[in-house]
2 protein chains.
Amino acid sequence: MCHTVAVTERTDHTLRGSWTSTTGELPPHALRWLRGRTGLADVRTPPRAPVVPESALSGAAHAALDAVVGPGYVRVDRDSRLGRAGGLSYVDLLRQRGDGDLAVPDAVVLPASPGQVVEVLKTCVEHDVAVVPFGGGTSVVGGVNALRGDKAAVIALDLNRLDELVSVDPVSRLAVLQAGLPAPQAERALAAHGLTIGHVPQSYERATVGGFAATRSAGQASSGYGRFEDVVEGVRLATPVGEWRLGGAPASAAGPDLKQLVVGSEGAFGVITEVTLRVRPRPEVERYEGFVVDGWARGSAVVRGLAQRRVLADVTRLSDVDETGVSLAMTGGWKINALKAYLKARGVRRPCLLILGWHGASEAEVKRKRAETLRGLKLVSLGTALGEAWRHGRFNGPRQRDALMEVGVCVETLETATHWSKVSELRTAVREALVDALGECVVMCHISHAYETGASLYFTALAARDVADPIGQWQVAKAAASEAITGLGTISHHHAVGADHVPYLEAEIGALGVDVLAAVKRTLDPTGVLNPGKLIPTGLASPGDR
Amino acid sequence: MCHTVAVTERTDHTLRGSWTSTTGELPPHALRWLRGRTGLADVRTPPRAPVVPESALSGAAHAALDAVVGPGYVRVDRDSRLGRAGGLSYVDLLRQRGDGDLAVPDAVVLPASPGQVVEVLKTCVEHDVAVVPFGGGTSVVGGVNALRGDKAAVIALDLNRLDELVSVDPVSRLAVLQAGLPAPQAERALAAHGLTIGHVPQSYERATVGGFAATRSAGQASSGYGRFEDVVEGVRLATPVGEWRLGGAPASAAGPDLKQLVVGSEGAFGVITEVTLRVRPRPEVERYEGFVVDGWARGSAVVRGLAQRRVLADVTRLSDVDETGVSLAMTGGWKINALKAYLKARGVRRPCLLILGWHGASEAEVKRKRAETLRGLKLVSLGTALGEAWRHGRFNGPRQRDALMEVGVCVETLETATHWSKVSELRTAVREALVDALGECVVMCHISHAYETGASLYFTALAARDVADPIGQWQVAKAAASEAITGLGTISHHHAVGADHVPYLEAEIGALGVDVLAAVKRTLDPTGVLNPGKLIPTGLASPGDR
């Protein structure tokens with residue numbers, strides 16, 4: 001059995017668990033629970049049609065772009081433009097539902113080759129047009145918002161047509177893929193060679209391999225397969241000043257690792273058109289198992305021990321007490337009272353759910369890996385049923401947030417990472433910031449990724465939407481959380497900088513870090529057409545601004 | 001038993017095996033063997049005193065530097081300057097022995113703190129003085145040669161006084177160390193906390209932790225502990241425009257990984273004054289074992305299998321047939337004829353020596369790791385005796401090359417890495433280039449580091465020195481090898497760029513890569529005082545040159 005390809009989540013912010021039925025309606029017990037916890041009123045908040053301004057793309061620019069990509073691949077119709085108007089953050093979705101101002105690209109341009117991407121960029125420089133690279137459009141940090149900066153117009157550069165598996169080197173376990181390949185399609189193409197990337201973030205179904213590289217993505221199985229930057233062995237970058245290729249050795253001391261400057265550049269330095277990825281044999285067996293640990297302190301110590309012994313399961317995920325409570329309350333198929341009694345009998349007062357998942361070539365290998373992980377640990381096992389419930393939960397809820405949004409919930413996630421000695425302090429600080437800002441709310445947290453020296457923390461917040469100012473409500477909470485993170489952890493472990501985290505970047509990388517990014521941008525994108533307002537703090541991307 | 005700290009090699013180019021007795025003399029059997037293989041004549045080539053020009057440091061600069069670092073820490077005496085005149089490449093050593101022109105710094109400056117390093121750099125900018133950061137001085141690629149570029153003078157910025165273990169975070173397994181700490185001293189300081197970095201390159205005894213970071217070093221146990229860039233979690237960089245600190249999370253998606261721009265910057269962007277390193281518990285048990293595989297193709301397939309199954313031993317090293325022959329011939333304590341008969345009986349016609357070493361907290365852990373590595377493999381084991389011989393060989397020969405140089409041998413190493421599908425092609429190409437250039441010679445090769453997607457190749461060449469033009473002789477051979485590497489692999493897997501690999505960098509990272517490096521340098525080092533002639537192709541480090 002191999003399930004890697006079967007994941008079907010649509011978005012990076014989809015909540016786990018059985019919030020909704022398969023028809024996308026929120027079940028009554030979930031709604032009751034939410035009302036009890038957040039003061040949610042019994043209202044419907046149906047979407048309104050967003051305002052889509054006329055395209056500002058000049059006729060000359062349109063004609064020049066047409067000449068590059070061919071007739072029919074420069075689109076200015078309302079649906080095409082609206083479909084690339086931002087990503088999938090809560091605020092993006094509010095705007096798509098008619099709240100606030102939606103930034104809509106003036107055109108959608110679909111090049112067919114890496115060479116055409118370079119030509120599109122040069123054409124945009126000539127015609128003073130900003131370029132927002134667009135893959136799956138799953139950014140939850142404003143990374144694909146159609147900001148035009150100081151340019152006359154802005155296009156969404158849709159990489160959808162760059163969808164080829166270019167080559168496979170089975171000896172070196174490398175595959176070259178075009179950037180616009182959605183992850184499931186990439187996995188299907190590699191499956192024909194018995195290979196997998198193994199990269200399964202929540203954005204899996206829609207996100208592209210180029211987007212993973214541009215944002216330093218991490219997947220649910222990244223403890224086993226590595227973060228995406230660990231998987232990228234080579235990149236091909238289209239820039240307004242030409243094409244740049246990097247990679248050609250598994251490791252190198254030939255100066256700084258410039259590949260790591262491209263990975264995470266979020267379309268501000270160029271457009272990734274091709275990636276060379278390390279691939280692995282597809283697992284034949286996957287086993288997911290649920291465990292319960294008593295309390296966050298003990299739970300995080302267990303995960304830290306696994307990471308530092310280097311025996312992490314391929315999937316390792318520890319929920320805090322609040323998230324565990326919600327998971328158990330919302331998991332329909334579970335005999336929740338019996339479970340609570342069982343945990344009480346085992347002396348577990350503050351259950352924290354630990355999901356562990358192992359992939360392997362055989363049952364024997366998975367068994368070996370499991371034994372290695374669990375050696376010397378005394379965990380309360382809930383067996384594979386809960387693990388499988390979690391796995392199936394990953395596939396069930398593509399419209400969970402849509403349903404929540406429909407009934408007036410303010411629902412969003414954010415994430416960070418820090419070293420182990422600060423993990424609990426950081427969790428408390430962010431929790432308190434969110435609760436202070438949102439009032440009556442639910443804040444849940446889990447460790448989504450663990451390392452020898454630290455871990456990521458992934459937060460979900462639920463509150464009754466402030467219908468008078470829904471965007472402002474979340475922006476205040478997000479700012480409070482971001483301030484709490486600053487100085488304690490990174491502003492993003494795997495969601496990237498986008499537009500939303502720009503104000504916090506300098507505190508993390510220093511004024512010199514910002515200067516360096518701006519210098520690199522000036523070198524590769526001298527007129528600043530690439531993704532204005534993203535990644536690099538505003539006003540610093542042009543010469544002489546600092 | 002823990003041997004990590006006991007390594008005592010002096011240089012990055014020290015040859016393995018029992019070339020010399022402990023007194024530093026080449027034993028008669030080795031000399032006989034060399035004469036038979038290289039046409040080496042019976043000559044002695046004693047060193048001559050190199051020419052040391054007067055210091056060109058102005059009185060004003062001297063006084064200003066004195067004011068920063070304190071009296072006695074700006075040294076212009078002959079011995080101090082000569083002691084920092086270059087690194088330890090064959091050509092460097094020839095120059096130290098009186099061949100060719102030796103680049104001698106005009107002064108040696110020894111700051112006592114990260115803050116003083118920043119002040120020294122600012123002072124050097126004011127007084128038009130180039131700065132060569134100097135740690136252990138073990139560069140074998142010209143990385144610490146005292147080139148002044150277009151500056152009025154050049155100093156060696158010796159980091160020797162920055163030798164503190166600043167702090168240890170045992171929970172996060174992190175240690176902050178000053179850059180000038182020599183590796184053995186760093187290990188001793190960490191041993192008090194039961195911790196180790198586990199970084200043991202051949203330069204171990206003299207090299208500093210800052211130097212490891214500046215050059216993207218890889219150690220003999222890097223399969224187990226990671227390359228140095230994997231170990232660096234944070235850096236503190238002194239630049240002429242101020243101090244830059246990076247690091248604070250185990251992983252991040254907050255834009256490009258700027259730390260990987262500092263790691264490997266070889267003193268061209270700034271001076272690393274502090275590193276935050278991931279540390280691990282010191283191993284209680286180490287086991288080294290020798291195996292023999294029949295032929296290079298089979299041997300490299302075995303190592304590839306271990307890497308791709310992710311069960312590499314902590315030390316994994318595969319010698320080709322030539323290196324194996326030399327190792328066995330030179331290993332005094334071995335009953336070589338009995339061994340040959342044994343191998344013949346086992347059907348091994350073209351023996352390739354495979355050294356595997358495992359580190360662990362207990363005998364049981366080492367046993368487990370060993371079983372995991374060897375599962376399903378049918379290797380001819382030579383037992384731990386040969387493994388231990390290799391390990392002890394690591395400690396025995398600090399003056400091997402000195403002894404070889406003394407008797408007129410041209411002796412040097414070089415290294416590269418590529419993906420598995422090109423490893424054998426690359427080995428053959430470099431071998432042939434060296435043999436074509438050197439004529440009657442010995443060229444040996446081993447895989448020193450293996451990865452899922454490829455491996456490094458480490459070459460050693462021995463020939464009779466051309467006494468009329470010893471430097472030219474090697475430069476021709478090195479150029480031929482470098483040309484052979486270009487397009488097939490990286491110009492350096494762990495020796496760095498220095499001055500020697502500068503001409504080959506653009507072919508590897510592209511013209512845009514060079515432009516980006518130059519842009520970063522202009523941002524951090526606007527007047528170009530830092531390590532001129534290193535890393536970045538000449539003429540591109542100043543604005544407007546491209």
# chains A, B, ... in the order shown; residues from 1 in each chain; ligands from 1
call {"tool": "residues_around", "arguments": {"residues": "Pro281 in chain A", "least_positions_apart": "5", "cutoff": "12 Å", "atoms": "only C-alpha atoms", "output": "list in words"}}
result
Cys2, Thr4, Pro170, Val171, Ser172, Arg173, Leu174, Glu187, Leu190, Ala191, Ala192, His193, Gly194, Leu195, Thr196, Ile197, Gly198, Tyr225, His359, Gly360, Ala361 and Ser362 of chain A; Gln308, Arg309 and Glu452 of chain B
call {"tool": "interface_residues", "arguments": {"of": "chain B", "to": "chain A", "cutoff": "7 Å", "atoms": "only C-alpha atoms", "output": "JSON, numbers by chain"}}
result
{"B": [171, 172, 173, 174, 215, 216, 244, 246, 248, 249, 250, 251, 252, 253, 254, 255, 256, 257, 258, 260, 261, 262, 263, 264, 265, 278, 417, 418, 419, 420, 421, 451, 453, 454, 455, 489, 490, 491, 492, 493, 494, 495, 496, 497, 509, 510, 512, 515, 516, 519, 520, 523, 535]}
call {"tool": "select_by_dssp", "arguments": {"residues": "range 409-497 of chain A", "states": "strand (DSSP E or B)", "output": "number ranges by chain"}}
result
A: 409-419, 441-447, 450, 454-464, 486, 489-490
call {"tool": "closest_residue", "arguments": {"among": "A:Val321, A:Val154, A:Ala207, A:Ala175", "to": "Arg350 in chain A", "atoms": "only C-alpha atoms"}}
result
A:Val321
call {"tool": "select_by_dssp", "arguments": {"residues": "range 274-377 of chain B", "states": "helix (DSSP H, G or I)", "output": "JSON, numbers by chain"}}
result
{"B": [296, 297, 298, 299, 300, 301, 302, 303, 304, 305, 306, 307, 308, 309, 321, 322, 323, 324, 325, 326, 327, 328, 329, 330, 336, 337, 338, 339, 340, 341, 342, 343, 344, 345, 363, 364, 365, 366, 367, 368, 369, 370, 371, 372, 373, 374]}
call {"tool": "residues_around", "arguments": {"residues": "Arg37 in chain B", "least_positions_apart": "3", "cutoff": "10 Å", "atoms": "only C-alpha atoms", "output": "PDB file with N, CA, C and O atoms, in the first residue's frame"}}
result
ATOM      1  N   LEU B  31      60.551   4.916   0.173  1.00  0.00           N
ATOM      2  CA  LEU B  31      61.375   5.635  -0.789  1.00  0.00           C
ATOM      3  C   LEU B  31      61.680   4.756  -2.000  1.00  0.00           C
ATOM      4  O   LEU B  31      61.583   5.202  -3.157  1.00  0.00           O
ATOM      5  N   ARG B  32      62.002   3.490  -1.760  1.00  0.00           N
ATOM      6  CA  ARG B  32      62.268   2.553  -2.849  1.00  0.00           C
ATOM      7  C   ARG B  32      61.047   2.438  -3.755  1.00  0.00           C
ATOM      8  O   ARG B  32      61.128   2.487  -4.980  1.00  0.00           O
ATOM      9  N   TRP B  33      59.900   2.300  -3.093  1.00  0.00           N
ATOM     10  CA  TRP B  33      58.653   2.145  -3.849  1.00  0.00           C
ATOM     11  C   TRP B  33      58.392   3.377  -4.707  1.00  0.00           C
ATOM     12  O   TRP B  33      58.077   3.277  -5.892  1.00  0.00           O
ATOM     13  N   LEU B  34      58.582   4.540  -4.131  1.00  0.00           N
ATOM     14  CA  LEU B  34      58.350   5.792  -4.855  1.00  0.00           C
ATOM     15  C   LEU B  34      59.287   5.918  -6.053  1.00  0.00           C
ATOM     16  O   LEU B  34      58.888   6.350  -7.131  1.00  0.00           O
ATOM     17  N   LEU B  40      61.733   8.992  -9.312  1.00  0.00           N
ATOM     18  CA  LEU B  40      62.334   9.943  -8.378  1.00  0.00           C
ATOM     19  C   LEU B  40      63.838   9.700  -8.276  1.00  0.00           C
ATOM     20  O   LEU B  40      64.276   8.575  -8.074  1.00  0.00           O
ATOM     21  N   GLU B 440      55.242  10.140 -15.439  1.00  0.00           N
ATOM     22  CA  GLU B 440      55.417   9.008 -14.532  1.00  0.00           C
ATOM     23  C   GLU B 440      54.998   9.446 -13.120  1.00  0.00           C
ATOM     24  O   GLU B 440      55.653  10.310 -12.516  1.00  0.00           O
ATOM     25  N   CYS B 441      53.909   8.915 -12.630  1.00  0.00           N
ATOM     26  CA  CYS B 441      53.387   9.396 -11.345  1.00  0.00           C
ATOM     27  C   CYS B 441      52.472   8.357 -10.728  1.00  0.00           C
ATOM     28  O   CYS B 441      52.133   7.353 -11.346  1.00  0.00           O
ATOM     29  N   VAL B 442      52.098   8.615  -9.500  1.00  0.00           N
ATOM     30  CA  VAL B 442      51.103   7.793  -8.807  1.00  0.00           C
ATOM     31  C   VAL B 442      49.887   8.683  -8.557  1.00  0.00           C
ATOM     32  O   VAL B 442      50.021   9.776  -8.002  1.00  0.00           O
ATOM     33  N   LEU B 462      51.453  11.894  -6.740  1.00  0.00           N
ATOM     34  CA  LEU B 462      52.867  11.851  -6.361  1.00  0.00           C
ATOM     35  C   LEU B 462      53.696  11.749  -7.636  1.00  0.00           C
ATOM     36  O   LEU B 462      53.420  10.904  -8.484  1.00  0.00           O
ATOM     37  N   ALA B 463      54.697  12.587  -7.739  1.00  0.00           N
ATOM     38  CA  ALA B 463      55.583  12.527  -8.902  1.00  0.00           C
ATOM     39  C   ALA B 463      56.957  13.024  -8.485  1.00  0.00           C
ATOM     40  O   ALA B 463      57.114  13.593  -7.401  1.00  0.00           O
ATOM     41  N   ALA B 464      57.924  12.783  -9.349  1.00  0.00           N
ATOM     42  CA  ALA B 464      59.247  13.370  -9.098  1.00  0.00           C
ATOM     43  C   ALA B 464      59.165  14.864  -9.384  1.00  0.00           C
ATOM     44  O   ALA B 464      58.605  15.274 -10.398  1.00  0.00           O
TER      45      ALA B 464
END
call {"tool": "atom_distance", "arguments": {"atom1": "CA of Glu388 in chain B", "atom2": "CA of Glu289 in chain B"}}
result
6.9 Å
call {"tool": "atom_distance", "arguments": {"atom1": "CA of Ala189 in chain B", "atom2": "CA of Val176 in chain B"}}
result
11.3 Å
call {"tool": "residues_around", "arguments": {"residues": "Arg317 in chain A", "least_positions_apart": "4", "cutoff": "8 Å", "atoms": "only C-alpha atoms", "output": "PDB file with C-alpha atoms, in the first residue's frame"}}
result
ATOM      1  CA  LEU A 354       1.304  12.372  19.467  1.00  0.00           C
ATOM      2  CA  ILE A 355       0.921  11.085  15.916  1.00  0.00           C
ATOM      3  CA  LEU A 356       3.828   9.053  14.598  1.00  0.00           C
ATOM      4  CA  HIS A 446       1.115  21.532  17.734  1.00  0.00           C
ATOM      5  CA  ILE A 447       4.736  20.747  17.015  1.00  0.00           C
ATOM      6  CA  SER A 448       4.650  20.027  13.309  1.00  0.00           C
ATOM      7  CA  HIS A 449       8.374  19.488  12.735  1.00  0.00           C
TER       8      HIS A 449
END
